[in-house]
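Working notes, structure below.
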Amino acid sequence: MKTLDTARTILMVDDDLDDYYLVKEALLENGMLNDLRLVSDGMELMDYLFHRGKFTDSESSPLPSLILLDLNMPGKDGREALRELKTYPMLRSIPVVVFTTSSDIDDITACYEMGASSFISKPNTFDSLIDTMRTLGKYWLNVAELPAHAN
């Protein structure tokens with residue numbers, strides 16, 4: 001079994017800074033010291049992935065091993081970002097875990113049809129978030145074999 005690779009970057013796309021800090025803390029509680037980065041909407045996500053705007057330095061904006069994508073954001077929302085991201089062959093293989101407050105079956109179905117790797121409704125308690133991050137981290141960063149650019 002592989003050991004956890006703390007060098008892997010997780011890119012969180014969420015307009016709620018509190019959610020980012022809670023996820024960061026939940027990862028730390030699980031001993032996952034991964035590089036967690038935040039962009040606030042779908043436009044910033046695409047700028048980050050294509051090294052545009054404030055993300056022009058590819059050294060300080062590495063391609064993520066995993067994207068945690070919220071659906072409900074101002075501007076370009078998660079649905080639009082997912083649809084766009086999956087049109088680019090060089091980005092298509094990056095796992096995208098939709099991580100949102102929604103549990104609507106139409107959202108779940110649409111996200112999988114657009115190429116989401118997984119869909120997780122945000123937990124209601126911090127203890128549940130810790131459990132969710134433990135499971136997510138173990139699977140995506142320890143068990144799953146990822147493409148070479150994501151390692």
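Residue numbering restarts at 1 for every chain of the structure tokens, chains are lettered A, B, ... in their displayed order, and ligands are numbered from 1 as they appear.
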All residues 9 Å or closer to Val39 of chain A, only C-alpha atoms, same chain fewer than 4 positions away omitted, as a ChimeraX atom specification
/A:11-15,43-45,48
Would you save the residues of that selection, restricted to N, CA, C and O atoms, as a PDB file, in the first residue's frame?
```
ATOM      1  N   LEU A  11      -7.022  21.388  -4.888  1.00  0.00           N
ATOM      2  CA  LEU A  11      -7.541  22.714  -5.210  1.00  0.00           C
ATOM      3  C   LEU A  11      -9.025  22.751  -4.861  1.00  0.00           C
ATOM      4  O   LEU A  11      -9.817  21.990  -5.417  1.00  0.00           O
ATOM      5  N   MET A  12      -9.374  23.600  -3.918  1.00  0.00           N
ATOM      6  CA  MET A  12     -10.759  23.753  -3.501  1.00  0.00           C
ATOM      7  C   MET A  12     -11.348  24.963  -4.198  1.00  0.00           C
ATOM      8  O   MET A  12     -10.748  26.043  -4.205  1.00  0.00           O
ATOM      9  N   VAL A  13     -12.519  24.772  -4.802  1.00  0.00           N
ATOM     10  CA  VAL A  13     -13.212  25.852  -5.499  1.00  0.00           C
ATOM     11  C   VAL A  13     -14.479  26.139  -4.703  1.00  0.00           C
ATOM     12  O   VAL A  13     -15.440  25.365  -4.745  1.00  0.00           O
ATOM     13  N   ASP A  14     -14.459  27.239  -3.960  1.00  0.00           N
ATOM     14  CA  ASP A  14     -15.566  27.535  -3.057  1.00  0.00           C
ATOM     15  C   ASP A  14     -15.524  29.018  -2.715  1.00  0.00           C
ATOM     16  O   ASP A  14     -14.446  29.568  -2.472  1.00  0.00           O
ATOM     17  N   ASP A  15     -16.678  29.655  -2.682  1.00  0.00           N
ATOM     18  CA  ASP A  15     -16.726  31.078  -2.348  1.00  0.00           C
ATOM     19  C   ASP A  15     -16.858  31.324  -0.848  1.00  0.00           C
ATOM     20  O   ASP A  15     -16.881  32.465  -0.409  1.00  0.00           O
ATOM     21  N   MET A  43     -14.393  30.974 -12.678  1.00  0.00           N
ATOM     22  CA  MET A  43     -13.451  31.773 -13.477  1.00  0.00           C
ATOM     23  C   MET A  43     -12.045  31.656 -12.902  1.00  0.00           C
ATOM     24  O   MET A  43     -11.081  31.461 -13.643  1.00  0.00           O
ATOM     25  N   GLU A  44     -11.921  31.778 -11.584  1.00  0.00           N
ATOM     26  CA  GLU A  44     -10.603  31.638 -10.958  1.00  0.00           C
ATOM     27  C   GLU A  44     -10.057  30.227 -11.138  1.00  0.00           C
ATOM     28  O   GLU A  44      -8.851  30.050 -11.289  1.00  0.00           O
ATOM     29  N   LEU A  45     -10.938  29.226 -11.111  1.00  0.00           N
ATOM     30  CA  LEU A  45     -10.499  27.854 -11.351  1.00  0.00           C
ATOM     31  C   LEU A  45      -9.835  27.742 -12.713  1.00  0.00           C
ATOM     32  O   LEU A  45      -8.726  27.203 -12.828  1.00  0.00           O
ATOM     33  N   TYR A  48      -6.524  29.532 -12.783  1.00  0.00           N
ATOM     34  CA  TYR A  48      -5.517  28.742 -12.069  1.00  0.00           C
ATOM     35  C   TYR A  48      -5.007  27.601 -12.962  1.00  0.00           C
ATOM     36  O   TYR A  48      -3.805  27.407 -13.105  1.00  0.00           O
TER      37      TYR A  48
END
```
To one decimal place in Å, what is the distance between atom CA of Gly42 of chain A and atom CA of Asn30 of chain A?
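About the pair atom CA of Gly42 of chain A and atom CA of Asn30 of chain A: they are 28.0 Å apart.
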Could I get the residues of segment 97-122 of chain A with an atom no further than 9 Å from an atom of segment 66-87 of chain A, each paired with its nearest atom pair and that distance in Å to one decimal, using only C-alpha atoms, sorted by chain and residue number, as JSON lines?
```
{"residue": "A:Val97", "atom": "CA", "partner": "A:Leu68", "partner_atom": "CA", "distance": 5.0}
{"residue": "A:Val98", "atom": "CA", "partner": "A:Leu69", "partner_atom": "CA", "distance": 4.7}
{"residue": "A:Phe99", "atom": "CA", "partner": "A:Asp70", "partner_atom": "CA", "distance": 5.2}
{"residue": "A:Thr100", "atom": "CA", "partner": "A:Asp70", "partner_atom": "CA", "distance": 4.8}
{"residue": "A:Thr101", "atom": "CA", "partner": "A:Asp70", "partner_atom": "CA", "distance": 7.9}
{"residue": "A:Ser102", "atom": "CA", "partner": "A:Leu71", "partner_atom": "CA", "distance": 7.9}
{"residue": "A:Asp107", "atom": "CA", "partner": "A:Arg79", "partner_atom": "CA", "distance": 8.6}
{"residue": "A:Ala110", "atom": "CA", "partner": "A:Arg79", "partner_atom": "CA", "distance": 8.3}
{"residue": "A:Cys111", "atom": "CA", "partner": "A:Arg79", "partner_atom": "CA", "distance": 7.1}
{"residue": "A:Met114", "atom": "CA", "partner": "A:Arg83", "partner_atom": "CA", "distance": 5.7}
{"residue": "A:Gly115", "atom": "CA", "partner": "A:Lys86", "partner_atom": "CA", "distance": 6.6}
{"residue": "A:Ala116", "atom": "CA", "partner": "A:Leu82", "partner_atom": "CA", "distance": 7.4}
```
6 Å contact set for Ala26 of chain A, only C-alpha atoms, chain neighbours under 3 positions out, as a PyMOL selection string:
chain A and resi 23+29+130
Selection to disk with N, CA and C atoms, as a CSV table (one decimal), in the first residue's frame:
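Output contents, as saved in selection14.csv:
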```
chain,number,residue,atom,x,y,z
A,23,VAL,N,-12.3,22.6,6.0
A,23,VAL,CA,-11.8,21.5,5.3
A,23,VAL,C,-10.3,21.4,5.6
A,29,GLU,N,-6.6,17.4,11.0
A,29,GLU,CA,-7.0,16.4,12.1
A,29,GLU,C,-6.7,15.0,11.7
A,130,ILE,N,-14.6,15.7,9.4
A,130,ILE,CA,-13.3,14.9,9.6
A,130,ILE,C,-13.4,13.5,9.0
```
